[in-house]
Structures are given as C-alpha cells and as structure tokens.
$ cat query-v6.txt   # compact mmCIF, C-alpha atoms
# COMPACT_ATOMS: atom_id res chain seq x y z
CA MET A 26 -92.31 74.89 -80.03
CA LYS A 27 -90.07 74.77 -83.11
CA THR A 28 -87.30 72.18 -82.97
CA ILE A 29 -84.02 73.61 -84.18
CA TYR A 30 -81.65 70.86 -83.06
CA SER A 31 -82.26 67.15 -82.64
CA ARG A 32 -80.64 63.77 -83.10
CA PRO A 33 -80.34 62.90 -86.81
CA LYS A 34 -82.12 59.66 -87.68
CA ALA A 35 -78.89 58.26 -89.10
CA LEU A 36 -77.43 58.44 -85.56
CA LEU A 37 -78.82 55.51 -83.61
CA ASP A 38 -80.49 56.17 -80.27
CA VAL A 39 -77.99 54.28 -78.10
CA PRO A 40 -75.84 55.33 -75.12
CA ASN A 41 -72.55 57.05 -75.91
CA ALA A 42 -69.68 54.65 -75.23
CA PHE A 43 -66.79 57.10 -75.66
CA CYS A 44 -64.80 58.77 -72.90
CA PRO A 45 -66.04 62.19 -71.74
CA GLY A 46 -64.76 64.83 -74.16
CA CYS A 47 -63.77 62.36 -76.88
CA ASN A 48 -64.33 63.88 -80.30
CA HIS A 49 -65.21 60.57 -81.99
CA SER A 50 -68.80 61.18 -80.89
CA THR A 51 -68.75 64.65 -82.47
CA ILE A 52 -67.33 63.36 -85.74
CA MET A 53 -69.75 60.45 -85.93
CA ARG A 54 -72.64 62.83 -85.40
CA LEU A 55 -71.37 65.00 -88.25
CA ILE A 56 -71.23 61.96 -90.52
CA ALA A 57 -74.78 61.05 -89.48
CA GLU A 58 -75.99 64.58 -90.26
CA VAL A 59 -74.34 64.52 -93.68
CA LEU A 60 -75.74 61.08 -94.50
CA GLU A 61 -79.23 62.22 -93.56
CA GLU A 62 -79.05 65.56 -95.37
CA THR A 63 -77.72 63.95 -98.56
CA GLY A 64 -80.12 61.00 -98.39
CA LEU A 65 -77.19 58.57 -98.49
CA SER A 66 -77.72 56.75 -95.20
CA GLN A 67 -79.15 53.61 -96.78
CA LYS A 68 -76.55 53.68 -99.57
CA ALA A 69 -73.57 54.07 -97.26
CA ILE A 70 -71.14 51.29 -96.36
CA ALA A 71 -68.38 51.96 -93.83
CA ALA A 72 -65.16 50.02 -93.44
CA VAL A 73 -63.90 50.69 -89.94
CA GLY A 74 -60.45 50.19 -88.50
CA ILE A 75 -59.24 48.84 -85.18
CA GLY A 76 -59.39 51.20 -82.21
CA CYS A 77 -61.97 53.55 -80.76
CA GLY A 78 -63.27 54.33 -84.24
CA GLY A 79 -64.14 50.68 -84.68
CA MET A 80 -67.29 51.33 -82.65
CA LEU A 81 -68.81 53.41 -85.46
CA GLY A 82 -71.12 50.56 -86.44
CA TYR A 83 -72.87 50.76 -83.07
CA PHE A 84 -73.86 54.38 -83.62
CA LEU A 85 -74.58 54.96 -87.32
CA ASP A 86 -77.55 53.63 -89.26
CA CYS A 87 -75.55 52.28 -92.19
CA ASP A 88 -73.91 49.02 -93.19
CA THR A 89 -70.52 48.51 -91.56
CA VAL A 90 -67.65 46.09 -92.12
CA ASN A 91 -64.88 45.70 -89.55
CA ALA A 92 -61.49 45.44 -91.23
CA LEU A 93 -58.30 43.91 -89.90
CA HIS A 94 -55.90 46.40 -88.32
CA GLY A 95 -54.92 49.00 -90.92
CA ARG A 96 -56.72 47.30 -93.81
CA ALA A 97 -59.85 49.48 -94.01
CA PRO A 98 -58.79 51.15 -97.32
CA ALA A 99 -58.28 47.72 -98.91
CA VAL A 100 -61.67 46.53 -97.65
CA ALA A 101 -63.33 49.76 -98.81
CA THR A 102 -61.69 49.34 -102.22
CA GLY A 103 -63.15 45.86 -102.61
CA ILE A 104 -66.61 47.00 -101.56
CA LYS A 105 -66.61 50.00 -103.91
CA ARG A 106 -65.45 47.94 -106.88
CA VAL A 107 -68.34 45.51 -106.52
CA ARG A 108 -70.85 48.14 -105.31
CA PRO A 109 -69.91 51.22 -107.39
CA ASP A 110 -73.24 52.96 -106.76
CA ASN A 111 -72.85 52.91 -102.99
CA LEU A 112 -71.16 55.52 -100.84
CA VAL A 113 -68.16 53.70 -99.38
CA PHE A 114 -65.97 55.26 -96.71
CA ALA A 115 -63.31 54.12 -94.29
CA TYR A 116 -63.19 55.47 -90.73
CA GLN A 117 -59.75 55.17 -89.11
CA GLY A 118 -57.66 56.55 -86.29
CA ASP A 119 -54.05 57.68 -86.63
CA GLY A 120 -52.60 54.47 -85.20
CA ASP A 121 -54.66 52.30 -87.51
CA LEU A 122 -54.16 54.42 -90.64
CA ALA A 123 -50.68 55.88 -90.31
CA SER A 124 -48.90 52.98 -88.60
CA ILE A 125 -49.84 49.44 -89.59
CA GLY A 126 -52.13 50.73 -92.35
CA MET A 127 -49.76 53.16 -94.08
CA ALA A 128 -49.22 50.86 -97.09
CA GLU A 129 -52.97 50.46 -97.68
CA THR A 130 -53.44 54.20 -97.21
CA ILE A 131 -50.81 55.20 -99.75
CA HIS A 132 -51.64 52.63 -102.41
CA ALA A 133 -55.41 53.20 -102.33
CA ALA A 134 -54.72 56.93 -102.73
CA ASN A 135 -52.18 56.32 -105.47
CA ARG A 136 -54.69 54.22 -107.43
CA GLY A 137 -57.32 56.92 -107.03
CA GLU A 138 -59.88 54.49 -105.63
CA LYS A 139 -63.32 56.12 -105.62
CA ILE A 140 -63.67 55.90 -101.85
CA THR A 141 -63.57 58.38 -98.98
CA ILE A 142 -61.19 58.09 -96.04
CA VAL A 143 -62.19 59.76 -92.77
CA PHE A 144 -58.98 60.01 -90.77
CA VAL A 145 -59.39 60.86 -87.08
CA ASN A 146 -56.06 62.16 -85.79
CA ASN A 147 -55.69 62.44 -82.01
CA VAL A 148 -51.87 61.99 -82.07
CA ILE A 149 -51.95 58.89 -79.85
CA PHE A 150 -52.95 55.23 -79.69
CA GLY A 151 -56.09 55.83 -77.64
CA MET A 152 -57.79 52.48 -77.15
CA THR A 153 -54.67 50.44 -76.34
CA GLY A 154 -53.37 52.62 -73.54
CA GLY A 155 -51.97 55.88 -74.88
CA GLN A 156 -48.81 54.82 -76.71
CA MET A 157 -46.89 56.98 -79.22
CA ALA A 158 -48.45 57.04 -82.68
CA PRO A 159 -46.89 58.10 -86.01
CA THR A 160 -48.58 61.50 -85.52
CA THR A 161 -47.53 62.07 -81.89
CA LEU A 162 -46.07 65.56 -81.52
CA ILE A 163 -42.45 66.29 -80.65
CA GLY A 164 -42.11 66.50 -76.86
CA GLN A 165 -45.48 64.85 -76.27
CA ASN A 166 -45.61 62.46 -73.33
CA THR A 167 -47.16 59.05 -73.92
CA THR A 168 -46.89 55.71 -72.15
CA THR A 169 -44.07 54.74 -74.54
CA THR A 170 -42.45 58.20 -74.58
CA PRO A 171 -42.62 59.21 -70.89
CA ASP A 172 -39.94 61.87 -71.47
CA GLY A 173 -41.62 63.15 -74.63
CA ARG A 174 -41.26 62.23 -78.27
CA ASN A 175 -37.69 62.76 -79.42
CA ALA A 176 -37.14 63.38 -83.14
CA GLU A 177 -33.70 61.83 -83.09
CA LEU A 178 -34.96 58.63 -81.48
CA HIS A 179 -38.49 58.37 -82.83
CA GLY A 180 -38.62 60.46 -86.00
CA TYR A 181 -41.01 63.30 -86.71
CA PRO A 182 -44.82 63.30 -86.69
CA ILE A 183 -46.18 62.32 -90.11
CA ARG A 184 -48.38 64.85 -91.88
CA VAL A 185 -50.55 62.37 -93.77
CA CYS A 186 -52.47 64.93 -95.86
CA GLU A 187 -49.25 66.44 -97.14
CA LEU A 188 -47.87 62.98 -97.86
CA ILE A 189 -50.90 61.99 -99.92
CA ASN A 190 -50.85 65.35 -101.66
CA GLN A 191 -47.61 64.28 -103.40
CA LEU A 192 -49.60 61.68 -105.37
CA ASP A 193 -51.31 62.45 -108.67
CA ALA A 194 -54.56 60.50 -108.32
CA PRO A 195 -56.44 61.89 -105.27
CA ALA A 196 -59.28 64.31 -106.02
CA TYR A 197 -59.88 65.89 -102.61
CA ILE A 198 -57.54 66.24 -99.62
CA ALA A 199 -58.40 68.37 -96.59
CA ARG A 200 -57.74 68.74 -92.87
CA PHE A 201 -60.23 70.03 -90.33
CA ALA A 202 -60.70 70.12 -86.55
CA VAL A 203 -63.67 69.86 -84.20
CA ASN A 204 -62.38 71.89 -81.25
CA THR A 205 -64.64 74.92 -81.75
CA PRO A 206 -68.16 75.47 -83.15
CA SER A 207 -66.80 77.23 -86.25
CA ASN A 208 -64.35 74.41 -86.93
CA ILE A 209 -67.10 71.83 -86.46
CA ILE A 210 -69.17 73.59 -89.13
CA LYS A 211 -66.20 73.56 -91.52
CA ALA A 212 -65.51 69.88 -90.80
CA LYS A 213 -69.10 68.98 -91.62
CA ALA A 214 -68.90 70.88 -94.89
CA GLY A 215 -65.66 69.06 -95.72
CA LEU A 216 -67.21 65.66 -95.07
CA LYS A 217 -70.18 66.53 -97.24
CA LYS A 218 -67.87 67.70 -100.01
CA ALA A 219 -65.86 64.48 -99.86
CA PHE A 220 -68.98 62.32 -100.10
CA GLU A 221 -70.34 64.38 -102.98
CA ILE A 222 -67.05 64.07 -104.86
CA GLN A 223 -67.18 60.29 -104.48
CA MET A 224 -70.79 60.00 -105.59
CA ALA A 225 -70.03 62.20 -108.60
CA GLY A 226 -67.36 59.71 -109.64
CA LYS A 227 -64.54 62.24 -109.35
CA GLY A 228 -62.19 59.99 -107.41
CA TYR A 229 -60.48 59.45 -104.08
CA SER A 230 -61.19 61.84 -101.20
CA PHE A 231 -59.33 62.10 -97.91
CA VAL A 232 -60.59 64.05 -94.89
CA GLU A 233 -58.39 64.35 -91.80
CA ILE A 234 -60.01 65.62 -88.61
CA LEU A 235 -57.95 66.71 -85.61
CA SER A 236 -59.55 65.21 -82.53
CA ALA A 237 -59.08 65.38 -78.76
CA CYS A 238 -58.28 62.35 -76.57
CA PRO A 239 -58.66 63.65 -72.99
CA THR A 240 -58.05 60.24 -71.40
CA GLY A 241 -54.92 59.47 -73.41
CA TRP A 242 -53.57 62.98 -72.94
CA GLY A 243 -54.34 63.12 -69.22
CA LEU A 244 -56.40 66.29 -69.61
CA MET A 245 -59.92 67.43 -68.78
CA PRO A 246 -62.24 67.73 -71.81
CA LEU A 247 -62.04 71.52 -72.10
CA GLY A 248 -58.29 71.47 -71.68
CA SER A 249 -57.99 68.90 -74.45
CA LEU A 250 -59.92 71.12 -76.85
CA THR A 251 -57.53 73.96 -76.02
CA ALA A 252 -54.60 71.64 -76.71
CA VAL A 253 -55.97 70.86 -80.19
CA GLY A 254 -55.87 74.55 -81.04
CA GLU A 255 -52.65 75.50 -79.29
CA LYS A 256 -50.53 72.43 -80.07
CA MET A 257 -51.94 70.21 -82.80
CA MET A 258 -53.01 72.95 -85.20
CA LYS A 259 -49.56 74.55 -85.06
CA TYR A 260 -48.08 71.42 -86.63
CA PHE A 261 -51.07 70.11 -88.59
CA SER A 262 -52.34 73.14 -90.51
CA LEU A 263 -56.04 73.21 -91.34
CA GLY A 264 -57.33 73.69 -94.85
CA VAL A 265 -58.09 72.15 -98.22
CA LEU A 266 -54.93 70.93 -99.90
CA ARG A 267 -56.62 69.78 -103.09
CA SER A 268 -60.08 69.93 -104.64
CA PRO A 269 -61.41 69.04 -108.10
CA GLU A 270 -62.21 72.71 -108.72
CA GLU A 271 -58.69 73.81 -107.90
CA GLY A 272 -56.58 70.91 -109.19
CA LYS A 273 -53.40 69.74 -107.53
$ encode --input "query-v6.txt" --output "structure tokens"
Amino acid sequence: MKTIYSRPKALLDVPNAFCPGCNHSTIMRLIAEVLEETGLSQKAIAAVGIGCGGMLGYFLDCDTVNALHGRAPAVATGIKRVRPDNLVFAYQGDGDLASIGMAETIHAANRGEKITIVFVNNVIFGMTGGQMAPTTLIGQNTTTTPDGRNAELHGYPIRVCELINQLDAPAYIARFAVNTPSNIIKAKAGLKKAFEIQMAGKGYSFVEILSACPTGWGLMPLGSLTAVGEKMMKYFSLGVLRSPEEGK
C-alpha cells in the first residue's frame, strides 16, 4: 500500500504534550515538514521563548536554545551572527513576543537581522493561566479581564505584523492561520518561504500564525477553530504584507 501521509522524520516520535485542540502541535508539524523537505533539519537552530512554545525542543529534531522570557530574537541574533550558514529561527507566543519581548522584537526587525521569527498568536497567555495578552481581542474574557477587554482601560490589541511593516529593514512579513486545511497549506508555504528568504541572505522574515487555545478560551477544540475564523481573523487579517519580490 502506498503511504501518502506519515510523520516527518524531523518530528520526533514522542507523545504530544499539548492540550487537545492546541494548534502548537499543528504548527510544529508544519515546521518539521518544511525542515525535512528543504533538507535544513540538521542546519536549523531554534531559539524558543517562555510558554507553551518553549516545548518545541522536545518535538523537533533540530538544535534548540531556550531563551529568557521575551529574549528569543536577541538569542537568535547572536546565534546567526556566529553561525551565518545555519537556519536560525525564533518560536514565540504572543505573551512572550508582544509583551515582555516587544523591544527585542522591534529592534531585531529594525536591524534586519537575517533570522526568522515564528509568532504563534492565540490572543492569550496560555501556559500561565489564561491572562490578557497584548493581542487579546476587545471584549474577550480572560482571567484578568473577566468582564472582557476594555479599550479604554487596557488599550487595543496590537497587530504585530502591521507594526513591523512600518520598519524599512524586514524582507518578509506575513500572517497565516491553521484553522482549516486550506489555511494550513498556506501557512506551510509561508514558513517555507520565510526559511528560503533567510537562507538566500535576503534578510529578516516574520511569520505570524493565528492559533487556537481551547483550554484558555474555555471552548471545545472544534469551537476554538471556529472562533479563529469568526473572531480573530476579523481583526488580524491574513496575508503577505511584504515580500522581497513585491518590496515594501
């Protein structure tokens, strides 16, 4: 019988440690598929942030460095500067990247560091109990906004792709989602594009992926995927904001 779908070798054969319906597992599989298809698995080095995404090193067959909270872009910058021939990427959640790590995020992008940032946005602090994050939607209930996020009190959700797109240096900026099969295919293509841009020496690449957090949102897995499409994507529009072929 012909095998048409199997575990990529770059994805280690270990039990899944994520909550049921969590999209981190989907995104990590996509990264594993891209690493295997491009032959970059043994040249890849990941700098991972604090949070659920920090478990990436348990699942991918590549070198991994755990960074302090929010500092993954700085760690990735150091690695890439001393190992310019390696594929170096940071893997961060919205709390890690857009809260404590916003300074590192902006300045690495502004310098045009030849690294790739994989930004998993589930609009909540997932691992620490479901608190409001910088990306939490207006009206969204969290443990620290039980009556919903209020713009007057808490500010508005930060659109990180659009923020980075104001800078001159980045080469590739794009936002995807993994809530449907078609969106998963597009997300994989975007990750592959970002890695190829880095390895071609074209500069900094930033890939945001909208992700579900059923546990933090208090939803069943299927309901959380629906929420990504009906709520998140209305505020965080999908698409490529910048590419080397198109310019700023």
$ atom_distance --input "query-v6.txt" --atom1 "CA of Ser249 (chain A)" --atom2 "CA of Pro45 (chain A)"
10.8 Å
$ residues_around --input "query-v6.txt" --residues "Thr169 (chain A)" --least-positions-apart "2" --cutoff "12 Å" --atoms "only C-alpha atoms" --output "PyMOL selection string"
chain A and resi 149-150+153-158+161+165-167+171-175+179+241
$ axis_aligned_box --input "query-v6.txt" --around "region 37-44 of chain A" --padding-each-side "4 Å" --output "lines of an AutoDock Vina configuration file"
center_x = -72.6
center_y = 56.5
center_z = -78.3
size_x = 23.7
size_y = 12.5
size_z = 18.7
$ closest_atom_pairs --input "query-v6.txt" --of "region 48-85 of chain A" --to "region 126-146 of chain A" --cutoff "9 Å" --atoms "all atoms listed in the file" --output "Markdown table"
| residue | atom | partner | partner_atom | distance |
| --- | --- | --- | --- | --- |
| A:Asn48 | CA | A:Val145 | CA | 8.9 |
| A:His49 | CA | A:Val145 | CA | 7.7 |
| A:Ile52 | CA | A:Val145 | CA | 8.4 |
| A:Gly78 | CA | A:Val145 | CA | 8.1 |
$ residues_around --input "query-v6.txt" --residues "Gln117 (chain A)" --least-positions-apart "2" --cutoff "9 Å" --atoms "all atoms listed in the file" --output "list in words"
Ala72, Val73, Gly74, Ile75, Gly76, Cys77, Gly78, Gly79, Gly95, Ala97, Ala115, Asp119, Gly120, Asp121, Leu122, Ile142, Val143, Phe144, Val145 and Asn146 of chain A
$ residues_near_point --input "query-v6.txt" --point "(-42.3, 68.2, -81.6)" --cutoff "12 Å" --atoms "all atoms listed in the file" --output "ChimeraX atom specification"
/A:148,159-166,173-177,179-183,256-257,259-261
$ residues_around --input "query-v6.txt" --residues "Ile70 (chain A)" --least-positions-apart "3" --cutoff "10 Å" --atoms "only C-alpha atoms" --output "CSV table (one decimal) with C-alpha atoms, in the coordinates of the input"
chain,number,residue,atom,x,y,z
A,65,LEU,CA,-77.2,58.6,-98.5
A,66,SER,CA,-77.7,56.8,-95.2
A,67,GLN,CA,-79.2,53.6,-96.8
A,73,VAL,CA,-63.9,50.7,-89.9
A,82,GLY,CA,-71.1,50.6,-86.4
A,86,ASP,CA,-77.6,53.6,-89.3
A,87,CYS,CA,-75.6,52.3,-92.2
A,88,ASP,CA,-73.9,49.0,-93.2
A,89,THR,CA,-70.5,48.5,-91.6
A,90,VAL,CA,-67.6,46.1,-92.1
A,101,ALA,CA,-63.3,49.8,-98.8
A,104,ILE,CA,-66.6,47.0,-101.6
A,105,LYS,CA,-66.6,50.0,-103.9
A,108,ARG,CA,-70.8,48.1,-105.3
A,111,ASN,CA,-72.8,52.9,-103.0
A,112,LEU,CA,-71.2,55.5,-100.8
A,113,VAL,CA,-68.2,53.7,-99.4
A,114,PHE,CA,-66.0,55.3,-96.7
A,115,ALA,CA,-63.3,54.1,-94.3
$ atom_distance --input "query-v6.txt" --atom1 "CA of Lys218 (chain A)" --atom2 "CA of Arg184 (chain A)"
21.3 Å
$ closest_residue --input "query-v6.txt" --among "A:Ala57, A:Cys47, A:Leu192, A:Ala252" --to "Ser31 (chain A)" --atoms "all atoms listed in the file"
A:Ala57
$ closest_residue --input "query-v6.txt" --among "A:Ala92, A:Leu81, A:Ile29, A:Leu235" --to "Arg54 (chain A)" --atoms "all atoms listed in the file"
A:Leu81
$ atom_distance --input "query-v6.txt" --atom1 "CA of Glu270 (chain A)" --atom2 "CA of Ala196 (chain A)"
9.3 Å
$ residues_around --input "query-v6.txt" --residues "Gly264 (chain A)" --least-positions-apart "6" --cutoff "10 Å" --atoms "only C-alpha atoms" --output "NGL selection string"
:A and (198-202 or 211-212 or 215 or 233)
$ closest_residue --input "query-v6.txt" --among "A:Ala123, A:Gly243, A:Cys186, A:Phe84" --to "Ile56 (chain A)" --atoms "all atoms listed in the file"
A:Phe84
$ closest_residue --input "query-v6.txt" --among "A:Val100, A:Val59, A:Leu266, A:Ala35" --to "Leu85 (chain A)" --atoms "only C-alpha atoms"
A:Ala35
$ closest_residue --input "query-v6.txt" --among "A:Asp38, A:Thr28, A:Asp110, A:Pro98" --to "Met224 (chain A)" --atoms "all atoms listed in the file"
A:Asp110
